[in-house]
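Trainee: Dropping in model-v9.txt, which is compact mmCIF, C-alpha atoms:
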# COMPACT_ATOMS: atom_id res chain seq x y z
CA MET K 1 107.08 78.09 139.30
CA VAL K 2 107.29 76.71 135.75
CA TYR K 3 105.01 78.18 133.10
CA ASN K 4 103.96 76.21 130.03
CA PHE K 5 103.79 77.87 126.64
CA LYS K 6 103.34 76.45 123.16
CA VAL K 7 105.78 76.78 120.30
CA PHE K 8 104.85 75.79 116.75
CA LYS K 9 107.48 74.03 114.66
CA LYS K 10 107.53 73.12 110.99
CA CYS K 11 110.23 71.55 108.85
CA SER K 12 110.89 71.81 105.12
CA PRO K 13 110.49 68.52 103.15
CA ASN K 14 114.27 68.16 102.79
CA GLY K 15 114.82 68.80 106.51
CA LYS K 16 117.25 71.69 105.94
CA ILE K 17 115.10 74.56 107.28
CA LEU K 18 113.13 74.64 110.54
CA LEU K 19 110.60 77.30 111.50
CA TYR K 20 109.61 78.03 115.11
CA MET K 21 106.70 80.35 115.88
CA PRO K 22 105.71 81.36 119.45
CA LYS K 23 102.10 81.91 118.33
CA ARG K 24 99.90 81.90 115.26
CA ASP K 25 97.38 84.61 116.17
CA PHE K 26 98.50 88.21 115.75
CA VAL K 27 96.36 91.05 117.03
CA ASP K 28 95.31 93.98 114.88
CA HIS K 29 95.16 97.08 117.11
CA ILE K 30 93.60 99.07 114.23
CA SER K 31 96.45 101.62 114.07
CA TYR K 32 99.13 98.89 114.01
CA VAL K 33 99.50 95.10 113.96
CA GLU K 34 101.54 93.01 116.36
CA PRO K 35 104.93 92.09 114.87
CA ILE K 36 105.34 88.51 113.67
CA ASP K 37 108.31 87.02 115.53
CA GLY K 38 109.90 83.68 114.83
CA ILE K 39 113.08 81.61 114.80
CA VAL K 40 114.70 79.92 111.79
CA VAL K 41 117.17 77.06 112.09
CA VAL K 42 119.14 76.43 108.90
CA ASP K 43 121.62 73.82 107.75
CA GLU K 44 124.58 76.10 107.03
CA GLU K 45 126.22 73.59 104.69
CA TYR K 46 123.08 73.46 102.56
CA VAL K 47 122.59 77.25 102.38
CA SER K 48 126.26 78.26 102.45
CA ASP K 49 126.15 79.98 99.05
CA ARG K 50 122.42 80.80 99.01
CA ARG K 51 119.97 83.02 100.84
CA VAL K 52 116.94 82.31 103.01
CA PHE K 53 113.96 84.70 102.97
CA ALA K 54 110.98 85.02 105.30
CA GLN K 55 107.72 86.44 103.97
CA VAL K 56 104.14 87.01 105.07
CA VAL K 57 101.67 86.09 102.35
CA CYS K 58 97.97 87.00 102.34
CA THR K 59 95.76 84.86 100.11
CA PHE K 60 92.35 86.02 98.95
CA ARG K 61 89.96 83.55 97.35
CA TYR K 62 86.82 85.24 96.00
CA GLY K 63 85.32 82.42 93.94
CA ARG K 64 84.87 78.68 94.12
CA GLU K 65 87.85 76.56 93.12
CA GLU K 66 85.63 74.25 91.06
CA ASP K 67 84.56 77.19 88.86
CA GLU K 68 88.13 77.94 87.73
CA VAL K 69 88.03 76.74 84.13
CA MET K 70 89.77 77.81 80.90
CA GLY K 71 92.45 79.76 82.76
CA LEU K 72 90.00 81.70 84.93
CA SER K 73 91.25 82.28 88.48
CA PHE K 74 89.48 83.54 91.59
CA TYR K 75 92.61 83.61 93.74
CA LYS K 76 95.08 86.36 94.63
CA GLU K 77 98.32 86.33 96.61
CA LEU K 78 99.61 89.46 98.33
CA TYR K 79 103.17 89.63 99.69
CA LEU K 80 102.85 92.01 102.64
CA ALA K 81 106.27 91.69 104.31
CA SER K 82 109.65 90.23 103.40
CA GLU K 83 113.05 89.91 105.09
CA GLN K 84 116.33 88.18 104.33
CA VAL K 85 117.03 85.84 107.24
CA TYR K 86 120.26 84.18 106.09
CA PRO K 87 122.84 85.50 105.81
CA PRO K 88 121.63 88.22 108.19
CA LEU K 89 121.95 91.74 106.78
CA GLN K 90 122.24 93.37 110.19
CA GLN K 91 123.16 92.57 113.76
CA ARG K 92 120.75 90.66 115.95
CA PRO K 93 118.12 93.09 117.29
CA ALA K 94 118.19 93.89 120.99
CA ASP K 95 114.40 93.89 121.44
CA LEU K 96 113.84 90.16 120.99
CA SER K 97 110.78 88.65 122.59
CA ARG K 98 111.22 86.51 125.69
CA THR K 99 110.28 83.37 123.74
CA GLN K 100 112.84 84.15 121.05
CA GLU K 101 115.56 84.55 123.67
CA ARG K 102 114.71 81.19 125.25
CA LEU K 103 114.62 79.41 121.88
CA LEU K 104 117.89 80.96 120.70
CA LYS K 105 119.60 79.75 123.86
CA LYS K 106 118.20 76.26 123.40
CA LEU K 107 118.68 75.85 119.63
CA GLY K 108 122.25 77.08 119.37
CA PRO K 109 124.20 79.27 116.92
CA SER K 110 122.41 77.98 113.81
CA ALA K 111 119.17 79.62 115.02
CA LEU K 112 118.33 83.05 113.59
CA PRO K 113 115.53 85.39 114.74
CA PHE K 114 113.29 87.33 112.39
CA ARG K 115 110.55 89.91 112.73
CA LEU K 116 107.98 90.79 110.08
CA THR K 117 105.49 93.64 110.30
CA LEU K 118 102.10 93.75 108.62
CA PRO K 119 100.86 97.13 107.40
CA ALA K 120 98.01 98.77 109.28
CA GLY K 121 94.72 98.30 107.48
CA SER K 122 95.60 94.92 105.99
CA PRO K 123 92.55 92.62 105.73
CA GLY K 124 91.51 90.41 108.64
CA SER K 125 91.35 86.62 108.59
CA VAL K 126 87.80 85.75 107.49
CA ALA K 127 86.38 82.65 105.82
CA LEU K 128 83.05 82.35 103.99
CA GLN K 129 81.21 79.14 104.82
CA PRO K 130 80.95 76.87 101.77
CA GLY K 131 77.81 74.98 100.80
CA LEU K 132 77.42 71.30 101.61
CA GLU K 133 78.15 70.32 98.01
CA ASP K 134 81.10 72.71 97.54
CA GLU K 135 84.61 71.30 97.26
CA GLY K 136 88.06 72.81 97.52
CA GLU K 137 89.40 75.70 99.55
CA PRO K 138 86.72 77.99 101.05
CA CYS K 139 86.49 81.62 99.98
CA GLY K 140 88.01 84.18 102.29
CA VAL K 141 91.23 85.81 103.50
CA HIS K 142 94.05 83.66 104.92
CA TYR K 143 97.66 84.33 105.97
CA TYR K 144 100.80 82.24 106.20
CA VAL K 145 104.49 82.73 106.96
CA LYS K 146 106.77 81.35 104.25
CA LEU K 147 110.46 80.51 104.37
CA PHE K 148 112.31 79.59 101.20
CA VAL K 149 115.79 79.37 99.70
CA GLY K 150 116.56 81.55 96.69
CA GLU K 151 118.80 84.17 95.16
CA THR K 152 116.28 87.02 95.58
CA GLU K 153 112.98 87.50 97.40
CA ILE K 154 111.11 87.16 94.09
CA ASP K 155 113.04 84.07 93.03
CA ARG K 156 111.15 80.94 92.04
CA MET K 157 111.01 78.72 95.12
CA HIS K 158 111.39 74.95 95.28
CA ARG K 159 108.88 72.97 97.29
CA ARG K 160 111.52 70.77 98.94
CA SER K 161 113.26 73.78 100.53
CA THR K 162 110.15 75.77 101.45
CA VAL K 163 108.26 76.04 104.75
CA ALA K 164 104.77 77.56 105.01
CA LEU K 165 102.85 77.85 108.29
CA GLY K 166 99.36 79.36 108.52
CA ILE K 167 98.72 82.29 110.86
CA ARG K 168 95.76 84.55 111.61
CA LYS K 169 95.28 88.30 111.90
CA VAL K 170 92.62 88.85 114.54
CA GLN K 171 90.93 91.69 116.40
CA PHE K 172 89.66 91.68 119.98
CA ALA K 173 86.99 93.72 121.71
CA PRO K 174 88.04 97.32 122.46
CA ASP K 175 88.65 98.37 126.06
CA LYS K 176 86.20 101.28 125.91
CA PRO K 177 82.74 100.47 124.53
CA GLY K 178 80.85 103.12 122.61
CA PRO K 179 77.60 104.85 123.51
CA GLN K 180 74.39 102.92 124.00
CA PRO K 181 72.70 102.44 120.59
CA CYS K 182 69.28 104.04 120.19
CA THR K 183 67.15 105.12 117.23
CA VAL K 184 63.64 106.43 116.58
CA VAL K 185 61.77 106.17 113.27
CA ARG K 186 58.35 107.51 112.37
CA LYS K 187 55.97 106.86 109.52
CA ASP K 188 53.32 109.17 108.05
CA PHE K 189 50.37 107.93 106.04
CA VAL K 190 49.12 109.71 102.94
CA LEU K 191 45.38 109.38 103.52
CA SER K 192 45.42 109.06 107.31
CA PRO K 193 46.29 111.51 110.09
CA GLY K 194 48.91 110.89 112.77
CA GLN K 195 52.17 108.95 112.90
CA LEU K 196 53.41 105.53 113.92
CA GLU K 197 56.57 105.75 116.03
CA LEU K 198 59.08 102.95 116.66
CA GLU K 199 61.97 103.34 119.11
CA LEU K 200 64.78 100.76 119.44
CA THR K 201 67.37 100.61 122.21
CA LEU K 202 70.10 98.06 122.94
CA ASP K 203 71.44 97.57 126.46
CA LYS K 204 75.01 98.13 125.17
CA GLN K 205 77.02 98.53 121.97
CA LEU K 206 79.63 95.77 122.44
CA TYR K 207 78.68 92.10 122.76
CA ILE K 208 80.91 89.08 123.23
CA HIS K 209 80.34 85.92 121.18
CA GLY K 210 77.78 83.82 123.05
CA GLU K 211 76.04 86.74 124.76
CA THR K 212 72.36 87.52 124.28
CA VAL K 213 71.35 90.81 122.69
CA ALA K 214 68.47 92.48 124.55
CA VAL K 215 66.39 94.61 122.14
CA ASN K 216 64.09 97.12 123.84
CA ILE K 217 61.16 97.88 121.52
CA SER K 218 58.87 100.83 122.17
CA ILE K 219 55.86 101.47 119.88
CA ARG K 220 53.60 104.53 120.03
CA ASN K 221 50.69 104.36 117.63
CA HIS K 222 49.34 107.90 117.01
CA SER K 223 47.84 106.87 113.68
CA ASN K 224 44.61 105.05 112.81
CA LYS K 225 46.52 101.95 111.59
CA VAL K 226 46.78 98.63 113.41
CA VAL K 227 50.11 96.89 114.13
CA LYS K 228 49.45 93.20 113.47
CA LYS K 229 52.88 91.57 113.91
CA ILE K 230 56.44 92.31 115.04
CA LYS K 231 59.58 90.72 113.59
CA ALA K 232 63.05 91.13 115.13
CA SER K 233 66.24 89.73 113.62
CA ILE K 234 70.03 90.02 113.74
CA LEU K 235 71.69 90.60 110.36
CA GLN K 236 75.27 89.89 109.36
CA THR K 237 76.46 92.20 106.57
CA VAL K 238 79.35 90.87 104.47
CA ASP K 239 81.13 93.30 102.15
CA VAL K 240 83.57 91.77 99.65
CA VAL K 241 85.36 95.02 98.87
CA LEU K 242 86.81 93.82 95.56
CA PHE K 243 83.36 93.86 93.91
CA GLN K 244 81.26 96.97 93.42
CA ASN K 245 78.08 95.03 94.30
CA GLY K 246 79.78 92.58 96.64
CA GLN K 247 77.68 93.36 99.70
CA TYR K 248 75.05 90.92 100.96
CA ARG K 249 73.25 90.11 104.18
CA ASN K 250 72.60 86.96 106.21
CA VAL K 251 69.87 86.57 108.82
CA VAL K 252 71.72 85.07 111.78
CA THR K 253 68.74 84.69 114.09
CA GLY K 254 65.25 86.12 114.38
CA VAL K 255 61.83 85.88 115.96
CA GLU K 256 58.29 86.81 114.95
CA THR K 257 55.71 87.59 117.58
CA GLN K 258 52.10 88.71 117.85
CA ASP K 259 52.30 89.16 121.60
CA GLY K 260 50.49 92.42 122.38
CA CYS K 261 49.08 92.61 118.86
CA PRO K 262 46.97 93.87 117.31
CA LEU K 263 48.09 97.24 118.60
CA GLN K 264 45.12 99.51 118.11
CA PRO K 265 45.19 103.26 117.23
CA GLY K 266 46.16 105.43 120.19
CA ALA K 267 47.81 102.53 122.06
CA SER K 268 51.43 102.03 123.09
CA MET K 269 53.60 99.00 123.69
CA GLN K 270 56.98 98.33 125.22
CA LYS K 271 58.68 94.95 125.23
CA VAL K 272 62.15 93.36 125.29
CA VAL K 273 63.17 90.72 122.75
CA GLN K 274 66.14 88.44 123.48
CA LEU K 275 68.25 87.40 120.46
CA ARG K 276 71.43 85.32 120.58
CA PRO K 277 73.69 85.42 117.48
CA ALA K 278 75.34 82.02 117.07
CA LEU K 279 76.46 79.69 114.32
CA GLY K 280 74.43 76.76 115.68
CA GLY K 281 71.72 76.27 113.06
CA LEU K 282 73.58 77.94 110.19
CA ARG K 283 76.26 75.34 109.46
CA ASP K 284 74.70 74.38 106.12
CA ARG K 285 74.13 77.91 104.82
CA ARG K 286 76.55 79.14 102.17
CA GLY K 287 78.10 82.59 102.55
CA ILE K 288 78.04 83.01 106.33
CA ALA K 289 81.22 84.86 107.39
CA LEU K 290 83.24 82.90 109.95
CA ASP K 291 86.43 83.43 111.90
CA ALA K 292 89.19 81.79 109.86
CA GLN K 293 90.49 78.64 111.54
CA LEU K 294 93.98 77.15 111.47
CA LYS K 295 92.77 73.62 112.20
CA ARG K 296 89.60 71.62 111.76
CA ALA K 297 88.09 72.90 114.97
CA GLU K 298 84.88 74.51 116.10
CA THR K 299 84.56 78.04 114.77
CA THR K 300 82.26 80.98 115.41
CA LEU K 301 80.63 83.75 113.46
CA ALA K 302 83.14 86.28 112.18
CA SER K 303 83.79 89.18 114.51
CA THR K 304 82.93 92.74 113.56
CA THR K 305 85.65 94.35 111.44
CA LEU K 306 86.99 97.50 113.09
CA LEU K 307 88.49 100.03 110.67
CA LEU K 308 90.65 103.06 111.33
CA ASP K 309 89.00 104.85 108.40
CA PRO K 310 85.81 103.29 106.98
CA GLU K 311 86.44 105.04 103.66
CA GLN K 312 89.86 103.43 103.19
CA ARG K 313 89.35 99.68 103.01
CA ASP K 314 91.73 97.15 101.54
CA ALA K 315 90.51 96.07 98.11
CA PHE K 316 91.25 92.44 98.92
CA GLY K 317 89.48 92.39 102.27
CA ILE K 318 86.13 91.24 103.63
CA VAL K 319 84.39 93.64 106.00
CA VAL K 320 81.86 92.15 108.44
CA SER K 321 79.30 94.08 110.50
CA TYR K 322 76.17 93.29 112.54
CA SER K 323 72.88 95.03 113.18
CA VAL K 324 69.49 94.46 114.81
CA LYS K 325 66.46 95.02 112.61
CA VAL K 326 62.87 95.31 113.86
CA LYS K 327 59.94 95.41 111.45
CA LEU K 328 56.29 96.23 112.18
CA TYR K 329 53.64 94.75 109.88
CA LEU K 330 50.53 96.89 109.40
CA GLY K 331 48.61 94.70 106.99
CA ALA K 332 48.25 94.72 103.21
CA LEU K 333 47.22 98.39 102.94
CA GLY K 334 49.21 99.82 105.85
CA GLY K 335 52.61 98.58 104.71
CA GLU K 336 55.59 98.20 107.05
CA LEU K 337 57.80 100.23 109.37
CA SER K 338 61.33 99.09 110.14
CA ALA K 339 64.28 100.35 112.20
CA GLU K 340 67.87 99.14 112.34
CA LEU K 341 70.65 99.50 114.92
CA PRO K 342 74.30 98.48 114.41
CA PHE K 343 76.26 96.80 117.19
CA ILE K 344 79.71 95.19 117.66
CA LEU K 345 80.22 91.43 118.11
CA MET K 346 83.76 90.34 119.06
CA HIS K 347 85.90 88.02 121.18
CA PRO K 348 87.28 89.29 124.53
CA LYS K 349 90.95 89.94 125.16
CA ASP K 350 90.98 87.43 128.02
CA GLY K 351 92.95 84.25 127.51
CA ARG K 352 96.00 85.84 125.88
CA ALA K 353 99.36 84.17 126.47
CA ARG K 354 101.20 85.01 129.66
CA LEU K 355 104.68 86.49 129.77
CA VAL K 356 107.31 83.81 129.33
CA ALA K 357 109.51 83.49 132.39
CA ALA K 358 113.08 82.25 132.49
CA ASP K 359 112.09 78.89 133.99
CA SER K 360 109.53 77.98 131.33
CA GLU K 361 108.67 74.75 129.60
CA ALA K 362 107.62 74.81 125.95
CA ASP K 363 105.22 72.42 124.24
CA VAL K 364 106.45 72.24 120.65
CA GLU K 365 103.72 71.34 118.20
CA MET K 366 105.33 70.03 115.04
CA PHE K 367 103.91 70.22 111.51
CA ARG K 368 105.06 68.71 108.26
CA GLN K 369 103.44 69.13 104.86
CA ASP K 370 100.36 70.82 106.42
CA THR K 371 99.69 67.81 108.64
CA VAL K 372 100.23 67.59 112.39
CA LEU K 373 102.47 64.61 112.98
CA HIS K 374 103.03 64.68 116.69
CA GLN K 375 103.46 66.93 119.66
CA GLU K 376 106.73 66.86 121.54
CA SER K 377 107.82 68.62 124.71
CA VAL K 378 111.16 70.35 125.05
CA GLU K 379 112.45 72.09 128.15
CA VAL K 380 113.78 75.63 127.69
CA TYR K 381 116.25 76.82 130.32
What does the file become when written as structure tokens?

Mentor:
Amino acid sequence: MVYNFKVFKKCSPNGKILLYMPKRDFVDHISYVEPIDGIVVVDEEYVSDRRVFAQVVCTFRYGREEDEVMGLSFYKELYLASEQVYPPLQQRPADLSRTQERLLKKLGPSALPFRLTLPAGSPGSVALQPGLEDEGEPCGVHYYVKLFVGETEIDRMHRRSTVALGIRKVQFAPDKPGPQPCTVVRKDFVLSPGQLELELTLDKQLYIHGETVAVNISIRNHSNKVVKKIKASILQTVDVVLFQNGQYRNVVTGVETQDGCPLQPGASMQKVVQLRPALGGLRDRRGIALDAQLKRAETTLASTTLLLDPEQRDAFGIVVSYSVKVKLYLGALGGELSAELPFILMHPKDGRARLVAADSEADVEMFRQDTVLHQESVEVY
């Protein structure tokens, strides 16, 4: 049986350096990140007296490009990993990936493998949705692998001998979900006896993109106030860590209902509200956190950011979280009572690439100058 797998290829403008990447999505396992493996093919005559370096660069844009005036910049570049590829400083590693072995056999002696490792806790790939009138690169965190020719790894590179291919750092849903979320809040009234009690329960803690969140609402009215309306919503919290006050919230979806209202003193109510977090009607709203995309393709809401230590967050990262909020309206004099429950929204691990067998066929997708030119197929023996 022959298995198909995709290989991404990009060439420098002068045609002297070729980059092959088995994949462009690299999984963050919280305590470590998958190594970034690739193959470089160099023209040895061109680089005979020079060096070729491979680097992973993280870019962080925290302001609109059109607002950069009078030398002001809202853009940072972080060099997270670097390695000299040519001439190799050490012998070829024995733990090459299966795809690297197949490509090395196919591409010949001018092909060189490399492996770069991102530090644990580095920021995830997140983009903030621009407004309809905004122009330029969207705000967010993006990654790319860069190959260039130079004397040192901090040498000034030349565009004609440089290759840059975008990648993503992603997280998938954990194997073991957490406990079922539940909370109870109560409200006392200064001039009235008794309490109003609101209990919220979700059917689970972990949801996959596209699933519906079932919110179980239980109200026990031991006061003399009347509950006139119920509002339930899903909130996306975006924390731009660089700024002290960089946290804001977006209402992803919500519903208001008066079903069962007014809830009179001494009465109780229990109902289930179905909410589905999706990007659908939010495509024109600025600031919604999205999963960073490598192409102009359909995207989704950003997944929840899982952190090894919530207190130690990368200063150039964007942390995304979700919660369900339910609010009871008691009228002008009674005020409000609200409760909030956090939950996790992520993509499943299903659909990951299969192990590359010896009799595999590779689809090589070729890029040049950030534009896909064509897709060619090459057989790997």

Trainee: So the first atom is CA of Ser323 in chain K and the second is CA of Gln195 in chain K; what is the distance between them in Å, to one decimal place?

Mentor: 25.0 Å

Trainee: Between CA of Gly335 in chain K and CA of Val190 in chain K, what is the distance in Å, rounded to a tenth?

Mentor: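 According to the coordinates, CA of Gly335 in chain K and CA of Val190 in chain K are separated by 11.8 Å.
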
Trainee: Report as lines of an AutoDock Vina configuration file the centre and the edge lengths, in Å to one decimal, of the axis-aligned box holding every listed atom of range 129-136 of chain K, padded by 6 Å on each side.

Mentor:
center_x = 82.7
center_y = 74.7
center_z = 101.0
size_x = 22.6
size_y = 20.8
size_z = 19.6

Trainee: Kindly give the distance, in Å, that separates CA of Leu345 in chain K and CA of Leu165 in chain K, rounded to a single decimal.

Mentor: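 CA of Leu165 in chain K lies at a distance of 28.2 Å from CA of Leu345 in chain K.
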
Trainee: Env of range 144-156 of chain K: 7 Å cut, atoms = only C-alpha atoms, seq-sep filter 4 positions within chain, self excluded. Answer as a ChimeraX atom specification.

Mentor: /K:50-58,161-167

Trainee: Between K:Val238, K:Gln258, K:Leu330, K:Pro13, which residue has the minimum interatomic distance to Arg160 in chain K, considering all atoms listed in the file?

Mentor: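 Using all atoms listed in the file, the shortest distance to Arg160 in chain K belongs to K:Pro13.
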
Trainee: Smallest atom-to-atom distance to Leu337 in chain K: which of K:Leu96, K:Ala232, K:Phe316, K:Pro277, using all atoms listed in the file?

Mentor: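 Looking at the shortest contact to Leu337 in chain K, the residue is K:Ala232.
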
Trainee: Identify, on the basis of only C-alpha atoms, every residue whose closest approach to Gln274 in chain K does not exceed 9 Å; exclude the query and any residue fewer than 2 positions from it along the same chain; express the result as a VMD selection string.

Mentor: chain K and resid 212 to 216 272 276

Trainee: Which neighbours of range 111-123 of chain K fall inside 6 Å, counting all atoms listed in the file, when residues of the same chain fewer than 5 positions from it are skipped, and could you give them as a PyMOL selection string?

Mentor: chain K and resi 31-32+35-41+104+317

Trainee: As a compact mmCIF listing (two decimals), in the coordinates of the input, could you write out range 220-242 of chain K once it has been completed with N, CA, C and O atoms?

Mentor:
# COMPACT_ATOMS: atom_id res chain seq x y z
N ARG K 220 54.65 103.56 119.71
CA ARG K 220 53.60 104.53 120.03
C ARG K 220 52.78 104.77 118.77
O ARG K 220 53.27 105.34 117.78
N ASN K 221 51.55 104.32 118.81
CA ASN K 221 50.69 104.36 117.63
C ASN K 221 49.76 105.57 117.71
O ASN K 221 48.70 105.52 118.35
N HIS K 222 50.17 106.69 117.05
CA HIS K 222 49.34 107.90 117.01
C HIS K 222 48.55 107.98 115.71
O HIS K 222 47.95 109.02 115.41
N SER K 223 48.57 106.90 114.94
CA SER K 223 47.84 106.87 113.68
C SER K 223 46.55 106.07 113.86
O SER K 223 46.21 105.64 114.97
N ASN K 224 45.82 105.88 112.75
CA ASN K 224 44.61 105.05 112.81
C ASN K 224 44.87 103.66 112.21
O ASN K 224 43.94 102.97 111.84
N LYS K 225 46.15 103.27 112.09
CA LYS K 225 46.52 101.95 111.59
C LYS K 225 46.67 100.97 112.75
O LYS K 225 46.82 101.36 113.91
N VAL K 226 46.67 99.69 112.41
CA VAL K 226 46.78 98.63 113.41
C VAL K 226 48.06 97.85 113.16
O VAL K 226 48.31 97.39 112.05
N VAL K 227 48.90 97.70 114.22
CA VAL K 227 50.11 96.89 114.13
C VAL K 227 49.72 95.43 114.39
O VAL K 227 49.23 95.09 115.46
N LYS K 228 49.93 94.59 113.40
CA LYS K 228 49.45 93.20 113.47
C LYS K 228 50.54 92.20 113.86
O LYS K 228 50.23 91.12 114.38
N LYS K 229 51.81 92.52 113.61
CA LYS K 229 52.88 91.57 113.91
C LYS K 229 54.20 92.31 114.03
O LYS K 229 54.40 93.36 113.41
N ILE K 230 55.12 91.74 114.83
CA ILE K 230 56.44 92.31 115.04
C ILE K 230 57.48 91.24 114.70
O ILE K 230 57.35 90.08 115.12
N LYS K 231 58.48 91.64 113.93
CA LYS K 231 59.58 90.72 113.59
C LYS K 231 60.90 91.38 113.96
O LYS K 231 61.17 92.50 113.55
N ALA K 232 61.72 90.65 114.73
CA ALA K 232 63.05 91.13 115.13
C ALA K 232 64.09 90.13 114.66
O ALA K 232 63.89 88.92 114.77
N SER K 233 65.20 90.62 114.13
CA SER K 233 66.24 89.73 113.62
C SER K 233 67.61 90.39 113.76
O SER K 233 67.72 91.61 113.86
N ILE K 234 68.65 89.55 113.76
CA ILE K 234 70.03 90.02 113.74
C ILE K 234 70.59 89.70 112.36
O ILE K 234 70.53 88.57 111.89
N LEU K 235 71.17 90.72 111.71
CA LEU K 235 71.69 90.60 110.36
C LEU K 235 73.21 90.68 110.38
O LEU K 235 73.79 91.51 111.08
N GLN K 236 73.83 89.81 109.60
CA GLN K 236 75.27 89.89 109.36
C GLN K 236 75.49 90.45 107.96
O GLN K 236 75.03 89.87 106.99
N THR K 237 76.17 91.58 107.86
CA THR K 237 76.46 92.20 106.57
C THR K 237 77.89 91.85 106.17
O THR K 237 78.83 92.11 106.93
N VAL K 238 78.04 91.27 104.99
CA VAL K 238 79.35 90.87 104.47
C VAL K 238 79.63 91.72 103.23
O VAL K 238 78.85 91.72 102.28
N ASP K 239 80.75 92.43 103.26
CA ASP K 239 81.13 93.30 102.15
C ASP K 239 82.45 92.81 101.55
O ASP K 239 83.51 92.96 102.16
N VAL K 240 82.36 92.17 100.38
CA VAL K 240 83.57 91.77 99.65
C VAL K 240 84.01 92.98 98.85
O VAL K 240 83.45 93.31 97.80
N VAL K 241 85.02 93.68 99.35
CA VAL K 241 85.36 95.02 98.87
C VAL K 241 85.77 95.00 97.40
O VAL K 241 85.58 95.99 96.68
N LEU K 242 86.32 93.89 96.93
CA LEU K 242 86.81 93.82 95.56
C LEU K 242 85.71 94.10 94.53
O LEU K 242 85.95 94.67 93.48
